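Single-structure report; data block below.
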Amino acid sequence: MTRKTSISLLAAVAAAGLAFAGSARADGSLSIYAWADSISPDMVAKFEKETGIKVTVDAFSSNEDLLTKLQAGSSGYDIVTPSQHFVKIMVDSGLLEDIGASSLPSFERILPDWQKQWWDPTGNYSVPLAFGNAGFTVNRDLYKGPVDSWKVYFEPSDELKGKIASLAQPDEVIPAAENYLGIPYCSEDPQEMKKVLDLLQAQKPFVAAYSSDNIENRVGSGEVAAHFWWDGNTMRLRRNDHANVEYAMPKEGLVGWLDSYAVPKGAANLDNAKKFIDFMTQLDNATEQYNYYGHSSPIKVDPAKALYNKENAPELFPTVPVKMGQACSPAAQELVTKVWTQLLQ
Amino acid sequence: MNAEARNARWNVLGLLPAQLIMLATLIVPVGIIVLVSFSTRGPYGGFDYVFTTAPYRQILFNEGWTGELEFNPQYLIVVARTMILAAATTFICLLLSFPVAYFISLQKATAKMLLIYLVTLPFWVSMIVRVYSWIIILGNDGVIAKTLHALGLVDNMGSLLFTDTAMLIGLVYSYIPLMILPIFASIEKLDPALVEASHDLYGSRLTTLRRVILPLCRPGMMAGSILVFVPCLGAVLEPILLGGGKTMMMGNLIQLQFGAARNWPLGAAISIVLMAAVLVFLVWRGLRAIRRERAEAAA
């Protein structure tokens, strides 16, 4: 037993040593904290080859995770990719570096619709990476009915009862419910938010899981028949894995998002971060990235090389309104939390 | 300086590194959590060092939907549910572990080493991977469903995944080695002569188990129960991955406060309450054990 203990202790010490070695920063390095599988590995490899800069990419799976990490301080990351409402929160909280993005060459490559939006009015803190929306996806082997309204998802018919799944975080589910009920995002009216809670509570007995991990398997394999999900992910599952899935177009509106490259305050490799952002926004590279990620590109891409169009990727071209997610005031966020806590209490 | 004083000094100096490590990695972080739990929440998460007891009040009282402050047991429900789940896990682990540990202790030396090694084997694989594997086992197309179907036993069983049962299975699976090892250690220390003596005195097998073996293995069972119960209180993975995240456990509640709720002080306050509850329980157990030892020594 003693020997075994000392071996495991050694292993633990070695692992700790590795962890420290990993966080040590050399001149030619860049660490990126991005949505899981969002950055093309081929583009990262190409960037490393062209510049000699060593890139490490870590993944997060919710904006909240990213915000918490930055607030805790010294995250050690040089590039992060928050969604629009979290860009606003991070800029307001002084968590991002002013990289003068609006005077970088990248700025000219951003589609005009996405320049200097409300979350970054000067355009100096962020460069957009991808945009899309949150809705729900159905497995067509299991569900044949219509998918034209959030009613299908929030007030499921017998066919879908016990066969739907939601996300583990309230960030997009509650805005979707608000779209369905015709309530504005980030409402500070407790009565309105009570209606959201009532809707979600009535839906809960029919929800198999509240989980943001492993969604493609859950809906692709038919573990559930409907899942709260994103446009591009559905498209990739359908195209790459030939799953019989369809992305719903609810008439009440989808929940829009846009993720951006941004640099955390005090990042060690600011210049490398700028180099990477510039690299990723160049026409060919942006196109490759678009083809890899499968979410719409807010950066100009080469139409001749882009893989997706209205015919082969209808998910990326919504036919219903898309309402961008907002940055809620603390009072509104409190109500969001209250709804979520009472839902899962 | 006499030898005793020198020994005493060496005791202090010799323990100093361990104590410094404890201070830096345990006491100071807990101190920080206490500090945060008495701080004011920042508007978008984080916290400001402005003293308040509001986080602790929030555990019990909340603004209702109409705006007035009311008693709200929502967090207490989560605490109670977590305690029950942890207790159930501990109990099942105890029931399963004792025969396993006893069986291992009866083997020859090499077989014993091999079996103990097998018990510790899961620790070499990441916890997340191990819990994930249960998704494959319990899911709709999972190993269990397919096997039962192939055998013609069950035609179409509902998915086991995303149920409280699945969560319990995951927890028992994750923590059972922590129960087997201490029980095994205490069975190993058991003097076979005592078992023989019991048989010589016409004790039946059951009586021997009940009056001799179990009481002597008590310390191991206690240690194992604590090792299983305490981490179960903070379990986060199993409720999300196997339970489907439909009901919150303490771990998920704390995570929510630091994440989407952006209420770090409340998250810290709940952590402190959880820690305090565990500490009170352990101190109570400890005191009882000491008292029993003294009583036995006196007898």
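Lettering and numbering for the structure tokens are positional, with chains as A, B, ... in the shown order, residues counted from 1 in each chain, and ligands counted from 1 in the shown order.
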
Within 6 Å of chain B: residues of chain A, using only C-alpha atoms, as an MDAnalysis selection string: chainID A and resid 64 190 209:210 223 330 337 344:345

Who sits within 8 Å of Asn124 in chain A, only C-alpha atoms, same chain under 2 positions skipped, as a list in words: Asp98, Ile99, Gly100, Ala101, Ser102, Ser103, Asp120, Thr122 and Ser126 of chain A

How about saving the chosen residues, N, CA and C atoms kept, as a PDB file, in the first residue's frame?
ATOM      1  N   ASP A  98      -8.525  47.458 -24.566  1.00  0.00           N
ATOM      2  CA  ASP A  98      -8.832  48.254 -25.759  1.00  0.00           C
ATOM      3  C   ASP A  98      -7.727  47.979 -26.778  1.00  0.00           C
ATOM      4  N   ILE A  99      -8.051  47.220 -27.825  1.00  0.00           N
ATOM      5  CA  ILE A  99      -7.011  46.870 -28.799  1.00  0.00           C
ATOM      6  C   ILE A  99      -7.098  47.762 -30.041  1.00  0.00           C
ATOM      7  N   GLY A 100      -7.902  48.813 -29.947  1.00  0.00           N
ATOM      8  CA  GLY A 100      -8.035  49.719 -31.089  1.00  0.00           C
ATOM      9  C   GLY A 100      -8.495  48.988 -32.333  1.00  0.00           C
ATOM     10  N   ALA A 101      -9.413  48.062 -32.136  1.00  0.00           N
ATOM     11  CA  ALA A 101      -9.798  47.160 -33.228  1.00  0.00           C
ATOM     12  C   ALA A 101     -10.359  47.904 -34.427  1.00  0.00           C
ATOM     13  N   SER A 102     -10.969  49.082 -34.189  1.00  0.00           N
ATOM     14  CA  SER A 102     -11.617  49.769 -35.309  1.00  0.00           C
ATOM     15  C   SER A 102     -10.586  50.365 -36.263  1.00  0.00           C
ATOM     16  N   SER A 103      -9.309  50.471 -35.844  1.00  0.00           N
ATOM     17  CA  SER A 103      -8.305  50.969 -36.781  1.00  0.00           C
ATOM     18  C   SER A 103      -7.386  49.857 -37.284  1.00  0.00           C
ATOM     19  N   ASP A 120     -20.382  47.032 -28.502  1.00  0.00           N
ATOM     20  CA  ASP A 120     -19.042  47.606 -28.605  1.00  0.00           C
ATOM     21  C   ASP A 120     -19.120  48.807 -29.542  1.00  0.00           C
ATOM     22  N   THR A 122     -17.672  51.614 -29.984  1.00  0.00           N
ATOM     23  CA  THR A 122     -16.489  52.193 -30.607  1.00  0.00           C
ATOM     24  C   THR A 122     -15.823  51.192 -31.546  1.00  0.00           C
ATOM     25  N   SER A 126     -13.570  44.515 -29.770  1.00  0.00           N
ATOM     26  CA  SER A 126     -13.902  43.179 -30.275  1.00  0.00           C
ATOM     27  C   SER A 126     -13.909  43.127 -31.795  1.00  0.00           C
TER      28      SER A 126
END

Strand (DSSP E) positions in range 128-334 of chain A, given as a PyMOL selection string: chain A and resi 128-139+164-166+207-210+226-230+245-247+254-262+322-324

Selected residues written out, N, CA and C atoms, as an mmCIF file, in the first residue's frame:
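Saved as out_30.cif:
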data_model
loop_
_atom_site.group_PDB
_atom_site.id
_atom_site.type_symbol
_atom_site.label_atom_id
_atom_site.label_comp_id
_atom_site.auth_asym_id
_atom_site.auth_seq_id
_atom_site.Cartn_x
_atom_site.Cartn_y
_atom_site.Cartn_z
ATOM 1 N N PRO A 128 -15.685 40.537 -34.621
ATOM 2 C CA PRO A 128 -16.614 39.404 -34.673
ATOM 3 C C PRO A 128 -16.000 38.153 -35.296
ATOM 4 N N LEU A 129 -16.471 37.013 -34.830
ATOM 5 C CA LEU A 129 -15.939 35.719 -35.260
ATOM 6 C C LEU A 129 -17.006 34.929 -36.013
ATOM 7 N N ALA A 130 -18.180 34.839 -35.403
ATOM 8 C CA ALA A 130 -19.265 34.062 -36.007
ATOM 9 C C ALA A 130 -20.576 34.541 -35.412
ATOM 10 N N PHE A 131 -21.666 34.351 -36.167
ATOM 11 C CA PHE A 131 -22.964 34.657 -35.586
ATOM 12 C C PHE A 131 -23.960 33.573 -35.942
ATOM 13 N N GLY A 132 -25.034 33.554 -35.184
ATOM 14 C CA GLY A 132 -26.034 32.528 -35.419
ATOM 15 C C GLY A 132 -27.193 32.757 -34.478
ATOM 16 N N ASN A 133 -27.937 31.695 -34.197
ATOM 17 C CA ASN A 133 -29.066 31.859 -33.308
ATOM 18 C C ASN A 133 -29.362 30.573 -32.574
ATOM 19 N N ALA A 134 -30.166 30.737 -31.514
ATOM 20 C CA ALA A 134 -30.569 29.589 -30.698
ATOM 21 C C ALA A 134 -32.040 29.324 -30.943
ATOM 22 N N GLY A 135 -32.367 28.068 -31.139
ATOM 23 C CA GLY A 135 -33.743 27.654 -31.347
ATOM 24 C C GLY A 135 -33.880 26.226 -30.874
ATOM 25 N N PHE A 136 -34.614 25.418 -31.615
ATOM 26 C CA PHE A 136 -34.632 24.004 -31.252
ATOM 27 C C PHE A 136 -34.579 23.119 -32.482
ATOM 28 N N THR A 137 -34.060 21.927 -32.261
ATOM 29 C CA THR A 137 -33.821 20.975 -33.333
ATOM 30 C C THR A 137 -34.671 19.750 -33.063
ATOM 31 N N VAL A 138 -35.307 19.211 -34.120
ATOM 32 C CA VAL A 138 -36.074 17.987 -33.904
ATOM 33 C C VAL A 138 -35.446 16.842 -34.695
ATOM 34 N N ASN A 139 -35.584 15.638 -34.149
ATOM 35 C CA ASN A 139 -35.160 14.433 -34.844
ATOM 36 C C ASN A 139 -36.347 13.954 -35.666
ATOM 37 N N ILE A 164 -38.082 15.764 -24.857
ATOM 38 C CA ILE A 164 -37.422 17.021 -25.180
ATOM 39 C C ILE A 164 -36.305 17.287 -24.180
ATOM 40 N N ALA A 165 -35.310 18.037 -24.619
ATOM 41 C CA ALA A 165 -34.208 18.397 -23.735
ATOM 42 C C ALA A 165 -33.922 19.885 -23.865
ATOM 43 N N SER A 166 -33.498 20.464 -22.739
ATOM 44 C CA SER A 166 -33.234 21.889 -22.677
ATOM 45 C C SER A 166 -31.757 22.090 -22.347
ATOM 46 N N VAL A 207 -39.631 17.302 -19.879
ATOM 47 C CA VAL A 207 -38.226 17.493 -20.244
ATOM 48 C C VAL A 207 -37.411 16.320 -19.718
ATOM 49 N N ALA A 208 -36.657 15.666 -20.622
ATOM 50 C CA ALA A 208 -35.825 14.534 -20.201
ATOM 51 C C ALA A 208 -34.568 15.022 -19.503
ATOM 52 N N ALA A 209 -33.980 16.108 -20.002
ATOM 53 C CA ALA A 209 -32.731 16.567 -19.403
ATOM 54 C C ALA A 209 -32.516 18.052 -19.642
ATOM 55 N N TYR A 210 -31.877 18.704 -18.662
ATOM 56 C CA TYR A 210 -31.387 20.071 -18.829
ATOM 57 C C TYR A 210 -29.867 19.956 -18.934
ATOM 58 N N ALA A 226 -36.546 16.338 -29.445
ATOM 59 C CA ALA A 226 -36.395 17.777 -29.661
ATOM 60 C C ALA A 226 -35.408 18.314 -28.639
ATOM 61 N N HIS A 227 -34.517 19.180 -29.088
ATOM 62 C CA HIS A 227 -33.480 19.696 -28.199
ATOM 63 C C HIS A 227 -33.276 21.181 -28.440
ATOM 64 N N PHE A 228 -33.191 21.969 -27.395
ATOM 65 C CA PHE A 228 -32.802 23.367 -27.542
ATOM 66 C C PHE A 228 -31.390 23.367 -28.116
ATOM 67 N N TRP A 229 -31.186 24.108 -29.223
ATOM 68 C CA TRP A 229 -29.860 24.030 -29.843
ATOM 69 C C TRP A 229 -29.598 25.229 -30.734
ATOM 70 N N TRP A 230 -28.478 25.153 -31.453
ATOM 71 C CA TRP A 230 -28.054 26.249 -32.303
ATOM 72 C C TRP A 230 -28.124 25.858 -33.782
ATOM 73 N N VAL A 245 -32.230 15.337 -38.894
ATOM 74 C CA VAL A 245 -32.655 16.389 -37.965
ATOM 75 C C VAL A 245 -33.069 17.634 -38.740
ATOM 76 N N GLU A 246 -33.943 18.415 -38.116
ATOM 77 C CA GLU A 246 -34.367 19.671 -38.744
ATOM 78 C C GLU A 246 -34.360 20.778 -37.700
ATOM 79 N N TYR A 247 -33.868 21.947 -38.125
ATOM 80 C CA TYR A 247 -33.834 23.101 -37.239
ATOM 81 C C TYR A 247 -35.142 23.869 -37.391
ATOM 82 N N LEU A 254 -36.207 33.640 -33.217
ATOM 83 C CA LEU A 254 -35.064 32.922 -32.675
ATOM 84 C C LEU A 254 -34.252 33.880 -31.797
ATOM 85 N N VAL A 255 -33.357 33.324 -30.987
ATOM 86 C CA VAL A 255 -32.526 34.160 -30.112
ATOM 87 C C VAL A 255 -31.143 34.302 -30.751
ATOM 88 N N GLY A 256 -30.804 35.524 -31.172
ATOM 89 C CA GLY A 256 -29.556 35.734 -31.904
ATOM 90 C C GLY A 256 -28.340 35.883 -31.012
ATOM 91 N N TRP A 257 -27.202 35.473 -31.551
ATOM 92 C CA TRP A 257 -25.933 35.680 -30.847
ATOM 93 C C TRP A 257 -24.846 35.989 -31.855
ATOM 94 N N LEU A 258 -23.790 36.636 -31.363
ATOM 95 C CA LEU A 258 -22.608 36.870 -32.174
ATOM 96 C C LEU A 258 -21.393 36.772 -31.261
ATOM 97 N N ASP A 259 -20.490 35.884 -31.585
ATOM 98 C CA ASP A 259 -19.274 35.735 -30.777
ATOM 99 C C ASP A 259 -18.149 36.549 -31.402
ATOM 100 N N SER A 260 -17.325 37.148 -30.539
ATOM 101 C CA SER A 260 -16.234 37.992 -31.028
ATOM 102 C C SER A 260 -14.905 37.591 -30.415
ATOM 103 N N TYR A 261 -13.857 37.889 -31.156
ATOM 104 C CA TYR A 261 -12.521 37.818 -30.566
ATOM 105 C C TYR A 261 -12.345 39.056 -29.676
ATOM 106 N N ALA A 262 -11.836 38.856 -28.456
ATOM 107 C CA ALA A 262 -11.517 39.985 -27.597
ATOM 108 C C ALA A 262 -10.302 39.605 -26.770
ATOM 109 N N VAL A 322 -34.947 37.224 -35.992
ATOM 110 C CA VAL A 322 -33.912 36.846 -35.034
ATOM 111 C C VAL A 322 -33.690 38.038 -34.113
ATOM 112 N N LYS A 323 -33.925 37.838 -32.805
ATOM 113 C CA LYS A 323 -33.749 38.937 -31.855
ATOM 114 C C LYS A 323 -32.489 38.693 -31.044
ATOM 115 N N MET A 324 -31.539 39.616 -31.143
ATOM 116 C CA MET A 324 -30.258 39.438 -30.467
ATOM 117 C C MET A 324 -30.426 39.448 -28.941
#

Coordinates-based distance that separates CA of Arg109 in chain A from CA of Glu315 in chain A (Å, one decimal): 23.9 Å

Residue contacts of Tyr292 in chain A (10 Å, only C-alpha atoms) excluding same-chain residues fewer than 3 positions away, as a list in words: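 Once the nearby chain positions are removed, what remains is Asp37, Ser38, Ile39, Ser40, Pro41, Asp42, Met43, Arg236, Ala286, Thr287, Glu288, Gln289, His295 and Leu307 of chain A.
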
Write a file of the selected residues as a PDB file, in the first residue's frame, keeping N, CA, C and O atoms.
ATOM      1  N   ASP A  37     -14.658  23.531 -29.868  1.00  0.00           N
ATOM      2  CA  ASP A  37     -14.610  23.231 -31.304  1.00  0.00           C
ATOM      3  C   ASP A  37     -14.978  24.412 -32.198  1.00  0.00           C
ATOM      4  O   ASP A  37     -15.497  24.215 -33.287  1.00  0.00           O
ATOM      5  N   SER A  38     -14.716  25.635 -31.740  1.00  0.00           N
ATOM      6  CA  SER A  38     -15.146  26.778 -32.551  1.00  0.00           C
ATOM      7  C   SER A  38     -14.048  27.300 -33.467  1.00  0.00           C
ATOM      8  O   SER A  38     -14.325  27.982 -34.444  1.00  0.00           O
ATOM      9  N   ILE A  39     -12.796  27.012 -33.164  1.00  0.00           N
ATOM     10  CA  ILE A  39     -11.691  27.534 -33.973  1.00  0.00           C
ATOM     11  C   ILE A  39     -11.110  26.390 -34.804  1.00  0.00           C
ATOM     12  O   ILE A  39     -10.794  25.332 -34.269  1.00  0.00           O
ATOM     13  N   SER A  40     -10.987  26.628 -36.098  1.00  0.00           N
ATOM     14  CA  SER A  40     -10.483  25.581 -36.989  1.00  0.00           C
ATOM     15  C   SER A  40      -9.064  25.169 -36.607  1.00  0.00           C
ATOM     16  O   SER A  40      -8.148  25.990 -36.633  1.00  0.00           O
ATOM     17  N   PRO A  41      -8.865  23.882 -36.276  1.00  0.00           N
ATOM     18  CA  PRO A  41      -7.508  23.425 -35.933  1.00  0.00           C
ATOM     19  C   PRO A  41      -6.543  23.594 -37.102  1.00  0.00           C
ATOM     20  O   PRO A  41      -5.361  23.860 -36.892  1.00  0.00           O
ATOM     21  N   ASP A  42      -7.057  23.454 -38.327  1.00  0.00           N
ATOM     22  CA  ASP A  42      -6.191  23.635 -39.489  1.00  0.00           C
ATOM     23  C   ASP A  42      -5.660  25.061 -39.561  1.00  0.00           C
ATOM     24  O   ASP A  42      -4.497  25.293 -39.901  1.00  0.00           O
ATOM     25  N   MET A  43      -6.544  26.032 -39.235  1.00  0.00           N
ATOM     26  CA  MET A  43      -6.128  27.430 -39.275  1.00  0.00           C
ATOM     27  C   MET A  43      -5.118  27.718 -38.169  1.00  0.00           C
ATOM     28  O   MET A  43      -4.175  28.482 -38.354  1.00  0.00           O
ATOM     29  N   ARG A 236     -24.359  21.059 -39.094  1.00  0.00           N
ATOM     30  CA  ARG A 236     -23.193  20.164 -39.130  1.00  0.00           C
ATOM     31  C   ARG A 236     -23.593  18.722 -38.840  1.00  0.00           C
ATOM     32  O   ARG A 236     -23.105  17.792 -39.471  1.00  0.00           O
ATOM     33  N   ALA A 286     -10.673  33.264 -43.269  1.00  0.00           N
ATOM     34  CA  ALA A 286     -12.031  33.435 -42.750  1.00  0.00           C
ATOM     35  C   ALA A 286     -12.972  32.442 -43.434  1.00  0.00           C
ATOM     36  O   ALA A 286     -13.878  31.893 -42.798  1.00  0.00           O
ATOM     37  N   THR A 287     -12.730  32.204 -44.717  1.00  0.00           N
ATOM     38  CA  THR A 287     -13.563  31.249 -45.450  1.00  0.00           C
ATOM     39  C   THR A 287     -13.366  29.830 -44.912  1.00  0.00           C
ATOM     40  O   THR A 287     -14.318  29.097 -44.684  1.00  0.00           O
ATOM     41  N   GLU A 288     -12.082  29.470 -44.710  1.00  0.00           N
ATOM     42  CA  GLU A 288     -11.774  28.147 -44.146  1.00  0.00           C
ATOM     43  C   GLU A 288     -12.438  27.983 -42.779  1.00  0.00           C
ATOM     44  O   GLU A 288     -13.017  26.943 -42.456  1.00  0.00           O
ATOM     45  N   GLN A 289     -12.319  29.032 -41.967  1.00  0.00           N
ATOM     46  CA  GLN A 289     -12.891  29.009 -40.618  1.00  0.00           C
ATOM     47  C   GLN A 289     -14.406  28.835 -40.707  1.00  0.00           C
ATOM     48  O   GLN A 289     -15.010  28.057 -39.974  1.00  0.00           O
ATOM     49  N   HIS A 295     -21.036  28.116 -38.681  1.00  0.00           N
ATOM     50  CA  HIS A 295     -21.944  29.193 -38.286  1.00  0.00           C
ATOM     51  C   HIS A 295     -21.685  30.367 -39.223  1.00  0.00           C
ATOM     52  O   HIS A 295     -20.606  30.492 -39.800  1.00  0.00           O
ATOM     53  N   LEU A 307     -18.686  26.916 -48.399  1.00  0.00           N
ATOM     54  CA  LEU A 307     -19.408  25.658 -48.584  1.00  0.00           C
ATOM     55  C   LEU A 307     -20.920  25.796 -48.514  1.00  0.00           C
ATOM     56  O   LEU A 307     -21.643  25.007 -49.096  1.00  0.00           O
TER      57      LEU A 307
END

Long-range neighbours of Leu316 in chain A as a ChimeraX atom specification, 7 Å cut-off, only C-alpha atoms, 5 positions minimum in chain: /A:231-232,295-296

Spatial neighbours of range 50-60 of chain A, max dist 9 Å, only C-alpha atoms, sep filter under 4 positions, as a VMD selection string: chain A and resid 26 to 39 44 to 46 65 to 66 272 275

DSSP helix (DSSP H, G or I) residues within range 226-276 of chain A, listed as a ChimeraX atom specification: /A:231-241,270-276

Point-to-point distance from CA of Lys108 in chain B to CA of Arg211 in chain B, Å rounded to tenths: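 One can read the CA of Lys108 in chain B to CA of Arg211 in chain B distance as 25.9 Å.
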
Close residues, Tyr49 in chain B itself excluded, 7 Å, only C-alpha atoms, min 2 positions apart in chain, as a ChimeraX atom specification: /B:39-40,47,51

For the residues in that selection, give me all heavy atoms as a short mmCIF file (atom, residue, chain, number, x, y, z; two decimals), in the first residue's frame.
data_model
loop_
_atom_site.label_atom_id
_atom_site.label_comp_id
_atom_site.auth_asym_id
_atom_site.auth_seq_id
_atom_site.Cartn_x
_atom_site.Cartn_y
_atom_site.Cartn_z
N SER B 39 -19.29 39.61 1.70
CA SER B 39 -19.09 40.79 0.85
C SER B 39 -20.35 41.11 0.07
O SER B 39 -21.29 40.32 0.02
CB SER B 39 -17.94 40.53 -0.13
OG SER B 39 -16.77 40.25 0.57
N THR B 40 -20.34 42.29 -0.55
CA THR B 40 -21.47 42.71 -1.38
C THR B 40 -21.24 42.23 -2.80
O THR B 40 -20.13 42.31 -3.31
CB THR B 40 -21.58 44.24 -1.36
OG1 THR B 40 -21.61 44.66 0.00
CG2 THR B 40 -22.84 44.70 -2.05
N PHE B 47 -17.34 40.61 -6.63
CA PHE B 47 -17.80 41.09 -5.32
C PHE B 47 -16.99 42.30 -4.90
O PHE B 47 -15.89 42.53 -5.42
CB PHE B 47 -17.66 39.99 -4.27
CG PHE B 47 -16.24 39.51 -4.11
CD1 PHE B 47 -15.40 40.06 -3.15
CD2 PHE B 47 -15.73 38.53 -4.95
CE1 PHE B 47 -14.10 39.64 -3.03
CE2 PHE B 47 -14.42 38.10 -4.83
CZ PHE B 47 -13.60 38.66 -3.86
N PHE B 51 -18.90 45.01 3.91
CA PHE B 51 -19.47 44.00 4.78
C PHE B 51 -20.99 43.96 4.71
O PHE B 51 -21.67 44.98 4.73
CB PHE B 51 -19.03 44.25 6.23
CG PHE B 51 -19.60 43.23 7.18
CD1 PHE B 51 -18.97 42.01 7.36
CD2 PHE B 51 -20.78 43.48 7.88
CE1 PHE B 51 -19.49 41.06 8.21
CE2 PHE B 51 -21.31 42.54 8.73
CZ PHE B 51 -20.67 41.32 8.91
#

Spatial neighbours of Ile136 in chain B, 12 Å, only C-alpha atoms, chain gap at least 6 places, as a ChimeraX atom specification: /A:214,217-218,221,223 /B:129-130,142-146,159-161,166,241-242

Å distance separating CA of Ser106 in chain A from CA of Met280 in chain A, one decimal place: 8.8 Å

Of the listed residues A:Ala332, A:Ile299, A:Ile79, A:Met193, that which approaches Asn269 in chain A most closely, counting only C-alpha atoms: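 Between A:Ala332, A:Ile299, A:Ile79, A:Met193, the residue approaching Asn269 in chain A most closely is A:Ile79.
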